[in-house]
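Structure file query_7.tsv with TSV, C-alpha atoms:
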```tsv
chain	number	residue	atom	x	y	z
A	1	ASP	CA	-11.13	-4.24	17.93
A	2	GLY	CA	-7.62	-4.50	16.54
A	3	GLY	CA	-6.56	-2.09	13.87
A	4	ILE	CA	-4.82	1.04	12.71
A	5	THR	CA	-6.29	4.47	13.21
A	6	GLN	CA	-5.25	7.68	11.50
A	7	SER	CA	-6.33	11.20	12.30
A	8	PRO	CA	-7.53	13.53	11.10
A	9	LYS	CA	-9.35	12.16	8.07
A	10	TYR	CA	-9.03	15.49	6.26
A	11	LEU	CA	-6.43	18.17	6.91
A	12	PHE	CA	-5.94	21.57	5.37
A	13	ARG	CA	-2.62	23.34	5.56
A	14	LYS	CA	-1.64	26.86	4.72
A	15	GLU	CA	1.59	27.58	2.93
A	16	GLY	CA	4.55	27.57	5.32
A	17	GLN	CA	2.84	25.57	8.06
A	18	ASN	CA	4.02	22.32	9.58
A	19	VAL	CA	1.29	19.76	10.22
A	20	THR	CA	1.38	16.43	12.04
A	21	LEU	CA	-0.57	13.34	11.01
A	22	SER	CA	-1.35	10.76	13.65
A	23	CYS	CA	-1.07	6.99	13.27
A	24	GLU	CA	-1.84	4.51	16.07
A	25	GLN	CA	-2.02	0.72	15.97
A	26	ASN	CA	-3.08	-1.90	18.52
A	27	LEU	CA	-2.02	-4.93	16.48
A	28	ASN	CA	1.22	-5.30	18.44
A	29	HIS	CA	3.14	-4.90	15.19
A	30	ASP	CA	6.77	-3.87	15.42
A	31	ALA	CA	7.04	-2.22	12.00
A	32	MET	CA	5.18	0.87	10.88
A	33	TYR	CA	5.26	2.75	7.59
A	34	TRP	CA	4.16	5.99	6.01
A	35	TYR	CA	3.21	6.16	2.33
A	36	ARG	CA	2.10	8.94	0.07
A	37	GLN	CA	-0.37	8.34	-2.77
A	38	ASP	CA	-0.99	10.82	-5.57
A	39	PRO	CA	-3.82	10.44	-8.11
A	40	GLY	CA	-3.12	7.65	-10.56
A	41	GLN	CA	0.07	6.74	-8.77
A	42	GLY	CA	1.17	3.83	-6.68
A	43	LEU	CA	2.26	4.08	-3.08
A	44	ARG	CA	5.57	5.78	-2.37
A	45	LEU	CA	7.36	5.06	0.89
A	46	ILE	CA	8.20	8.11	3.01
A	47	TYR	CA	9.57	6.64	6.26
A	48	TYR	CA	9.46	3.35	8.09
A	49	SER	CA	10.33	2.09	11.54
A	50	GLN	CA	11.01	-1.47	12.64
A	51	ILE	CA	11.59	-0.77	16.31
A	52	VAL	CA	10.92	1.91	18.89
A	53	ASN	CA	13.28	4.89	18.73
A	54	ASP	CA	14.57	3.93	15.29
A	55	PHE	CA	13.35	4.83	11.81
A	56	GLN	CA	14.66	4.88	8.26
A	57	LYS	CA	14.11	7.12	5.27
A	58	GLY	CA	12.11	5.73	2.39
A	59	ASP	CA	12.14	6.85	-1.21
A	60	ILE	CA	10.70	10.35	-0.70
A	61	ALA	CA	11.67	11.47	2.82
A	62	GLU	CA	12.59	15.06	1.97
A	63	GLY	CA	10.28	17.55	3.67
A	64	TYR	CA	8.94	14.99	6.15
A	65	SER	CA	9.90	13.92	9.66
A	66	VAL	CA	8.77	11.14	11.99
A	67	SER	CA	9.22	9.87	15.53
A	68	ARG	CA	8.71	6.48	17.14
A	69	GLU	CA	8.63	6.96	20.88
A	70	LYS	CA	6.06	4.21	21.45
A	71	LYS	CA	5.45	0.92	19.68
A	72	GLU	CA	1.84	1.88	19.01
A	73	SER	CA	2.44	5.33	17.55
A	74	PHE	CA	4.24	6.66	14.48
A	75	PRO	CA	3.32	10.30	13.77
A	76	LEU	CA	4.35	12.01	10.54
A	77	THR	CA	5.12	15.72	10.31
A	78	VAL	CA	4.81	17.40	6.95
A	79	THR	CA	7.11	20.39	7.11
A	80	SER	CA	7.07	23.61	5.15
A	81	ALA	CA	10.05	22.24	3.21
A	82	GLN	CA	7.74	19.78	1.44
A	83	LYS	CA	6.89	21.77	-1.68
A	84	ASN	CA	3.95	19.76	-2.92
A	85	PRO	CA	2.31	18.11	0.11
A	86	THR	CA	-1.23	17.74	-1.24
A	87	ALA	CA	-1.78	13.97	-1.29
A	88	PHE	CA	-3.41	11.00	0.41
A	89	TYR	CA	-1.22	9.78	3.30
A	90	LEU	CA	-1.41	6.16	4.39
A	91	CYS	CA	0.02	4.55	7.48
A	92	ALA	CA	0.63	0.80	7.58
A	93	SER	CA	2.02	-1.76	9.99
A	94	SER	CA	3.39	-5.28	9.87
A	95	ILE	CA	5.27	-7.80	11.94
A	96	VAL	CA	9.00	-7.60	11.34
A	97	ALA	CA	9.65	-11.29	10.74
A	98	GLY	CA	7.99	-13.08	7.83
A	99	PRO	CA	6.64	-11.95	4.49
A	100	ASP	CA	6.00	-8.30	5.47
A	101	THR	CA	2.23	-8.41	5.10
A	102	GLN	CA	1.20	-4.81	5.61
A	103	TYR	CA	-2.15	-3.59	6.86
A	104	PHE	CA	-3.28	-0.05	6.24
A	105	GLY	CA	-5.05	2.60	8.23
A	106	PRO	CA	-7.92	4.60	6.70
A	107	GLY	CA	-5.65	7.43	5.50
A	108	THR	CA	-5.44	11.20	5.85
A	109	ARG	CA	-6.13	13.48	2.93
A	110	LEU	CA	-3.97	16.59	3.13
A	111	THR	CA	-4.73	19.66	1.07
A	112	VAL	CA	-2.62	22.79	0.88
A	113	LEU	CA	-4.67	25.96	0.63
B	1	GLN	CA	15.60	-0.05	-9.54
B	2	LYS	CA	13.08	-2.61	-8.39
B	3	GLU	CA	9.94	-2.35	-10.47
B	4	VAL	CA	6.44	-3.69	-10.33
B	5	GLU	CA	4.42	-3.18	-13.48
B	6	GLN	CA	0.69	-3.49	-13.90
B	7	ASN	CA	-1.46	-3.20	-17.03
B	8	SER	CA	-2.30	0.45	-17.53
B	9	GLY	CA	-6.06	-0.17	-17.62
B	10	PRO	CA	-8.77	0.66	-16.98
B	11	LEU	CA	-10.30	-2.77	-17.36
B	12	SER	CA	-14.01	-3.14	-17.95
B	13	VAL	CA	-15.85	-6.47	-17.74
B	14	PRO	CA	-19.55	-7.37	-17.67
B	15	GLU	CA	-21.12	-8.67	-14.49
B	16	GLY	CA	-20.56	-12.39	-14.11
B	17	ALA	CA	-17.41	-12.46	-16.25
B	18	ILE	CA	-13.88	-13.36	-15.16
B	19	ALA	CA	-11.60	-10.37	-14.60
B	20	SER	CA	-7.89	-11.04	-15.10
B	21	LEU	CA	-5.39	-8.64	-13.57
B	22	ASN	CA	-1.70	-9.04	-14.30
B	23	CYS	CA	1.49	-7.87	-12.66
B	24	THR	CA	5.14	-8.34	-13.57
B	25	TYR	CA	8.15	-7.67	-11.39
B	26	SER	CA	11.81	-7.11	-12.09
B	27	ASP	CA	13.57	-8.64	-9.08
B	28	ARG	CA	13.89	-12.36	-9.75
B	29	GLY	CA	14.53	-13.31	-6.14
B	30	SER	CA	11.29	-11.85	-4.81
B	31	GLN	CA	9.45	-14.15	-2.41
B	32	SER	CA	6.25	-12.49	-1.24
B	33	PHE	CA	3.42	-11.19	-3.40
B	34	PHE	CA	0.24	-9.38	-2.45
B	35	TRP	CA	-2.91	-8.07	-4.04
B	36	TYR	CA	-4.71	-5.13	-2.44
B	37	ARG	CA	-8.09	-3.71	-3.37
B	38	GLN	CA	-8.62	0.03	-3.03
B	39	TYR	CA	-12.02	1.63	-3.38
B	40	SER	CA	-12.10	5.25	-4.47
B	41	GLY	CA	-11.16	7.52	-1.58
B	42	LYS	CA	-10.38	4.59	0.74
B	43	SER	CA	-7.21	2.85	1.87
B	44	PRO	CA	-5.86	-0.40	0.39
B	45	GLU	CA	-7.32	-3.63	1.76
B	46	LEU	CA	-5.37	-6.89	1.55
B	47	ILE	CA	-7.27	-9.52	-0.42
B	48	MET	CA	-4.66	-12.13	-1.34
B	49	SER	CA	-1.09	-13.11	-0.59
B	50	ILE	CA	0.91	-15.78	-2.38
B	51	TYR	CA	4.41	-17.10	-1.82
B	52	SER	CA	4.76	-20.31	-3.89
B	53	ASN	CA	4.44	-21.00	-7.59
B	54	GLY	CA	0.98	-22.05	-8.67
B	55	ASP	CA	-2.55	-21.05	-7.80
B	56	LYS	CA	-4.09	-19.98	-4.52
B	57	GLU	CA	-7.86	-19.73	-4.31
B	58	ASP	CA	-9.98	-17.79	-1.83
B	59	GLY	CA	-13.65	-17.64	-2.70
B	60	ARG	CA	-14.06	-15.90	-6.05
B	61	PHE	CA	-10.42	-14.80	-6.07
B	62	THR	CA	-7.48	-16.81	-7.42
B	63	ALA	CA	-3.90	-15.60	-7.29
B	64	GLN	CA	-1.45	-17.17	-9.73
B	65	LEU	CA	2.31	-16.96	-9.34
B	66	ASN	CA	4.98	-17.87	-11.88
B	67	LYS	CA	8.42	-17.00	-10.53
B	68	ALA	CA	10.25	-18.21	-13.64
B	69	SER	CA	8.32	-15.72	-15.78
B	70	GLN	CA	8.21	-13.14	-12.99
B	71	TYR	CA	4.51	-12.51	-13.03
B	72	VAL	CA	1.66	-12.70	-10.60
B	73	SER	CA	-1.97	-12.44	-11.56
B	74	LEU	CA	-5.35	-12.14	-9.88
B	75	LEU	CA	-8.47	-13.72	-11.32
B	76	ILE	CA	-11.87	-12.63	-10.11
B	77	ARG	CA	-14.62	-15.07	-11.03
B	78	ASP	CA	-18.28	-14.11	-11.31
B	79	SER	CA	-17.34	-10.43	-11.19
B	80	GLN	CA	-19.78	-8.19	-9.33
B	81	PRO	CA	-20.28	-4.40	-9.51
B	82	SER	CA	-18.94	-4.30	-5.94
B	83	ASP	CA	-15.59	-5.55	-7.30
B	84	SER	CA	-15.18	-2.21	-9.12
B	85	ALA	CA	-12.04	-0.75	-7.56
B	86	THR	CA	-8.35	-0.21	-8.12
B	87	TYR	CA	-6.21	-3.30	-7.55
B	88	LEU	CA	-2.63	-2.85	-6.39
B	89	CYS	CA	0.05	-5.49	-6.81
B	90	ALA	CA	2.84	-5.46	-4.21
B	91	VAL	CA	6.07	-7.44	-4.23
B	92	LYS	CA	8.68	-7.91	-1.52
B	93	PRO	CA	12.16	-8.13	-3.06
B	94	PRO	CA	14.74	-10.46	-1.52
B	95	GLY	CA	16.77	-9.34	1.45
B	96	ALA	CA	15.97	-8.95	5.11
B	97	ASN	CA	15.72	-5.17	4.86
B	98	SER	CA	13.86	-4.92	1.58
B	99	LYS	CA	10.53	-3.16	1.53
B	100	LEU	CA	7.32	-3.80	-0.35
B	101	THR	CA	7.24	-2.27	-3.81
B	102	PHE	CA	3.81	-1.36	-5.16
B	103	GLY	CA	2.59	-1.17	-8.72
B	104	LYS	CA	0.56	1.83	-9.80
B	105	GLY	CA	-2.63	-0.21	-9.79
B	106	ILE	CA	-5.25	-1.10	-12.34
B	107	THR	CA	-8.81	0.15	-12.17
B	108	LEU	CA	-11.49	-2.48	-12.71
B	109	SER	CA	-15.02	-1.55	-13.68
B	110	VAL	CA	-17.71	-4.24	-13.60
B	111	ARG	CA	-20.69	-3.32	-15.78
B	112	PRO	CA	-24.13	-4.44	-14.49
```
For this file, write the structure as structure tokens.
Amino acid sequence: DGGITQSPKYLFRKEGQNVTLSCEQNLNHDAMYWYRQDPGQGLRLIYYSQIVNDFQKGDIAEGYSVSREKKESFPLTVTSAQKNPTAFYLCASSIVAGPDTQYFGPGTRLTVL
Amino acid sequence: QKEVEQNSGPLSVPEGAIASLNCTYSDRGSQSFFWYRQYSGKSPELIMSIYSNGDKEDGRFTAQLNKASQYVSLLIRDSQPSDSATYLCAVKPPGANSKLTFGKGITLSVRP
């Protein structure tokens, strides 16, 4: 079964904690993305990576960090510097060449306690 | 600022009717256009992509693209209650390094 997996499905964070969200894909896609979705809002790009060991900031990168050590994996860390992290986090992937058709994982819902 | 605008909604149609969802975009050179469906609490699911002017049909769904007027629409024929969801329009601006820009979505409710 090809696809994108994200874990955990739900995550609770205390104030001041860093948390890491997992994203894995077996579609052999080169590009991977992290989005944040708030209620009633569209998707906002946090970080993206088009190749292993390289990544770029998106529109709202402050308070987040990523790594891309393997083609299949693109974990996102929400740091304590992110002041309002409660949101639905979506990971996506695509092939680099072509129209950039992106496919999404099931998402992680992060809540700050 | 590249923008993708969708009707504010929500949109309510009776079962069996045609639902028409519209999207306009600001970057004239955009080449790739997508419609995603998102059920409440779930992630977006790709339902249509369109790259050339005109209509593209897939089952009950038809995507319409007019690059001169900078709009893309999605028609859902014979709407079913299971079509009730939020529909996101996404546009890829021109340029090799450009990224998909998403609209805020429109919520469709199909009344039985």
**Prompt:** For Arg37 (chain B), which residue out of B:Ala96, B:Leu74, B:Val13, B:Ile18 is the nearest one, using only C-alpha atoms?
**Reply:** B:Leu74
**Prompt:** Quick one: of A:Lys83, A:Pro8, A:Pro106, A:Leu113, who's nearest to chain B, counting all atoms listed in the file?
**Reply:** A:Pro106
Counting all atoms listed in the file, which residues in chain A sit no more than 10 Å from chain B? For each one, give the nearest pair of atoms and the distance in Å, sorted by chain then residue number, as a Markdown table.
```
| residue | atom | partner | partner_atom | distance |
| --- | --- | --- | --- | --- |
| A:Tyr33 | CA | B:Lys99 | CA | 10.0 |
| A:Gln37 | CA | B:Lys104 | CA | 9.6 |
| A:Pro39 | CA | B:Lys104 | CA | 9.8 |
| A:Gly40 | CA | B:Lys104 | CA | 6.9 |
| A:Gln41 | CA | B:Lys104 | CA | 5.0 |
| A:Gly42 | CA | B:Lys104 | CA | 3.8 |
| A:Leu43 | CA | B:Phe102 | CA | 6.0 |
| A:Arg44 | CA | B:Phe102 | CA | 7.9 |
| A:Leu45 | CA | B:Thr101 | CA | 8.7 |
| A:Tyr48 | CA | B:Lys99 | CA | 9.3 |
| A:Gln50 | CA | B:Asn97 | CA | 9.8 |
| A:Gly58 | CA | B:Lys99 | CA | 9.1 |
| A:Phe88 | CA | B:Gly41 | CA | 8.7 |
| A:Tyr89 | CA | B:Ser43 | CA | 9.3 |
| A:Leu90 | CA | B:Ser43 | CA | 7.1 |
| A:Cys91 | CA | B:Ser43 | CA | 9.3 |
| A:Ala92 | CA | B:Pro44 | CA | 9.8 |
| A:Val96 | CA | B:Ala96 | CA | 9.4 |
| A:Ala97 | CA | B:Ala96 | CA | 8.8 |
| A:Gly98 | CA | B:Ser32 | CA | 9.3 |
| A:Pro99 | CA | B:Ser32 | CA | 5.8 |
| A:Asp100 | CA | B:Leu100 | CA | 7.5 |
| A:Thr101 | CA | B:Phe34 | CA | 7.9 |
| A:Gln102 | CA | B:Leu46 | CA | 8.0 |
| A:Tyr103 | CA | B:Leu46 | CA | 7.0 |
| A:Phe104 | CA | B:Pro44 | CA | 6.4 |
| A:Gly105 | CA | B:Ser43 | CA | 6.7 |
| A:Pro106 | CA | B:Ser43 | CA | 5.2 |
| A:Gly107 | CA | B:Ser43 | CA | 6.0 |
| A:Thr108 | CA | B:Ser43 | CA | 9.4 |
| A:Arg109 | CA | B:Gly41 | CA | 9.0 |
```
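Pairwise distance (CA of Asp58 (chain B), CA of Ser8 (chain B)) equals 25.3 Å.
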**Message:** Please list as a PyMOL selection string every residue within 9 Å of Gly29 (chain B), counting only C-alpha atoms and excluding residues in the same chain fewer than 4 positions away.
**Reply:** chain B and resi 67+93-95
For region 26-61 of chain B in the structure I just supplied, write out N, CA and C atoms - as a CSV table (one decimal), in the first residue's frame.
```
chain,number,residue,atom,x,y,z
B,26,SER,N,-5.0,35.2,-8.7
B,26,SER,CA,-4.5,36.5,-9.1
B,26,SER,C,-3.3,36.4,-10.0
B,27,ASP,N,-2.6,35.3,-10.1
B,27,ASP,CA,-1.4,35.2,-10.9
B,27,ASP,C,-1.7,34.7,-12.3
B,28,ARG,N,-1.7,35.5,-13.2
B,28,ARG,CA,-2.2,35.2,-14.6
B,28,ARG,C,-1.4,34.1,-15.2
B,29,GLY,N,-0.2,33.9,-14.9
B,29,GLY,CA,0.6,32.8,-15.5
B,29,GLY,C,0.5,31.5,-14.9
B,30,SER,N,-0.4,31.3,-14.0
B,30,SER,CA,-0.6,30.0,-13.3
B,30,SER,C,-1.0,28.9,-14.3
B,31,GLN,N,-0.4,27.7,-14.1
B,31,GLN,CA,-0.6,26.6,-15.0
B,31,GLN,C,-1.3,25.4,-14.5
B,32,SER,N,-1.3,25.2,-13.2
B,32,SER,CA,-1.8,24.0,-12.7
B,32,SER,C,-2.9,24.3,-11.6
B,33,PHE,N,-4.0,23.6,-11.7
B,33,PHE,CA,-5.2,23.9,-10.8
B,33,PHE,C,-5.7,22.6,-10.2
B,34,PHE,N,-6.1,22.7,-9.0
B,34,PHE,CA,-6.5,21.4,-8.3
B,34,PHE,C,-7.7,21.7,-7.4
B,35,TRP,N,-8.6,20.7,-7.3
B,35,TRP,CA,-9.7,20.8,-6.3
B,35,TRP,C,-9.5,19.6,-5.4
B,36,TYR,N,-9.5,19.9,-4.1
B,36,TYR,CA,-9.4,18.9,-3.0
B,36,TYR,C,-10.7,18.9,-2.2
B,37,ARG,N,-11.1,17.8,-1.8
B,37,ARG,CA,-12.3,17.7,-0.9
B,37,ARG,C,-11.8,17.3,0.5
B,38,GLN,N,-12.3,18.0,1.5
B,38,GLN,CA,-11.9,17.7,2.9
B,38,GLN,C,-13.1,17.5,3.8
B,39,TYR,N,-13.3,16.3,4.2
B,39,TYR,CA,-14.3,16.0,5.2
B,39,TYR,C,-13.9,16.6,6.6
B,40,SER,N,-14.9,16.9,7.4
B,40,SER,CA,-14.6,17.4,8.7
B,40,SER,C,-13.7,16.5,9.5
B,41,GLY,N,-12.6,17.1,10.0
B,41,GLY,CA,-11.6,16.3,10.8
B,41,GLY,C,-10.7,15.5,10.0
B,42,LYS,N,-10.8,15.5,8.7
B,42,LYS,CA,-9.9,14.6,7.8
B,42,LYS,C,-9.0,15.5,7.0
B,43,SER,N,-8.1,14.9,6.3
B,43,SER,CA,-7.1,15.6,5.5
B,43,SER,C,-7.7,15.8,4.1
B,44,PRO,N,-7.2,16.7,3.3
B,44,PRO,CA,-7.6,17.0,1.9
B,44,PRO,C,-7.4,15.8,1.0
B,45,GLU,N,-8.3,15.5,0.1
B,45,GLU,CA,-8.2,14.4,-0.8
B,45,GLU,C,-8.3,15.0,-2.2
B,46,LEU,N,-7.4,14.7,-3.1
B,46,LEU,CA,-7.4,15.3,-4.5
B,46,LEU,C,-8.6,14.7,-5.2
B,47,ILE,N,-9.5,15.5,-5.8
B,47,ILE,CA,-10.5,15.0,-6.6
B,47,ILE,C,-10.4,15.4,-8.1
B,48,MET,N,-9.8,16.5,-8.4
B,48,MET,CA,-9.7,16.9,-9.8
B,48,MET,C,-8.4,17.8,-10.0
B,49,SER,N,-7.8,17.6,-11.1
B,49,SER,CA,-6.7,18.5,-11.5
B,49,SER,C,-7.1,19.0,-13.0
B,50,ILE,N,-6.7,20.2,-13.3
B,50,ILE,CA,-6.9,20.7,-14.7
B,50,ILE,C,-5.8,21.6,-15.1
B,51,TYR,N,-5.4,21.6,-16.3
B,51,TYR,CA,-4.2,22.3,-16.7
B,51,TYR,C,-4.5,23.2,-18.0
B,52,SER,N,-5.6,22.8,-18.8
B,52,SER,CA,-5.9,23.5,-20.0
B,52,SER,C,-7.2,24.1,-19.9
B,53,ASN,N,-7.4,25.2,-20.7
B,53,ASN,CA,-8.7,25.9,-20.7
B,53,ASN,C,-9.8,24.9,-21.2
B,54,GLY,N,-11.0,25.0,-20.6
B,54,GLY,CA,-12.1,24.2,-21.0
B,54,GLY,C,-12.6,23.3,-19.8
B,55,ASP,N,-13.3,22.3,-20.2
B,55,ASP,CA,-13.9,21.4,-19.2
B,55,ASP,C,-13.1,20.1,-19.1
B,56,LYS,N,-13.1,19.5,-17.9
B,56,LYS,CA,-12.6,18.2,-17.7
B,56,LYS,C,-13.6,17.5,-16.8
B,57,GLU,N,-14.1,16.3,-17.3
B,57,GLU,CA,-15.1,15.6,-16.6
B,57,GLU,C,-14.5,14.3,-16.0
B,58,ASP,N,-15.0,14.0,-14.8
B,58,ASP,CA,-14.6,12.7,-14.1
B,58,ASP,C,-15.8,12.3,-13.3
B,59,GLY,N,-16.6,11.4,-13.8
B,59,GLY,CA,-17.8,11.0,-13.1
B,59,GLY,C,-18.8,12.1,-13.0
B,60,ARG,N,-19.2,12.4,-11.7
B,60,ARG,CA,-20.2,13.5,-11.5
B,60,ARG,C,-19.5,14.8,-11.3
B,61,PHE,N,-18.2,14.8,-11.4
B,61,PHE,CA,-17.4,16.1,-11.2
B,61,PHE,C,-17.0,16.6,-12.6
```
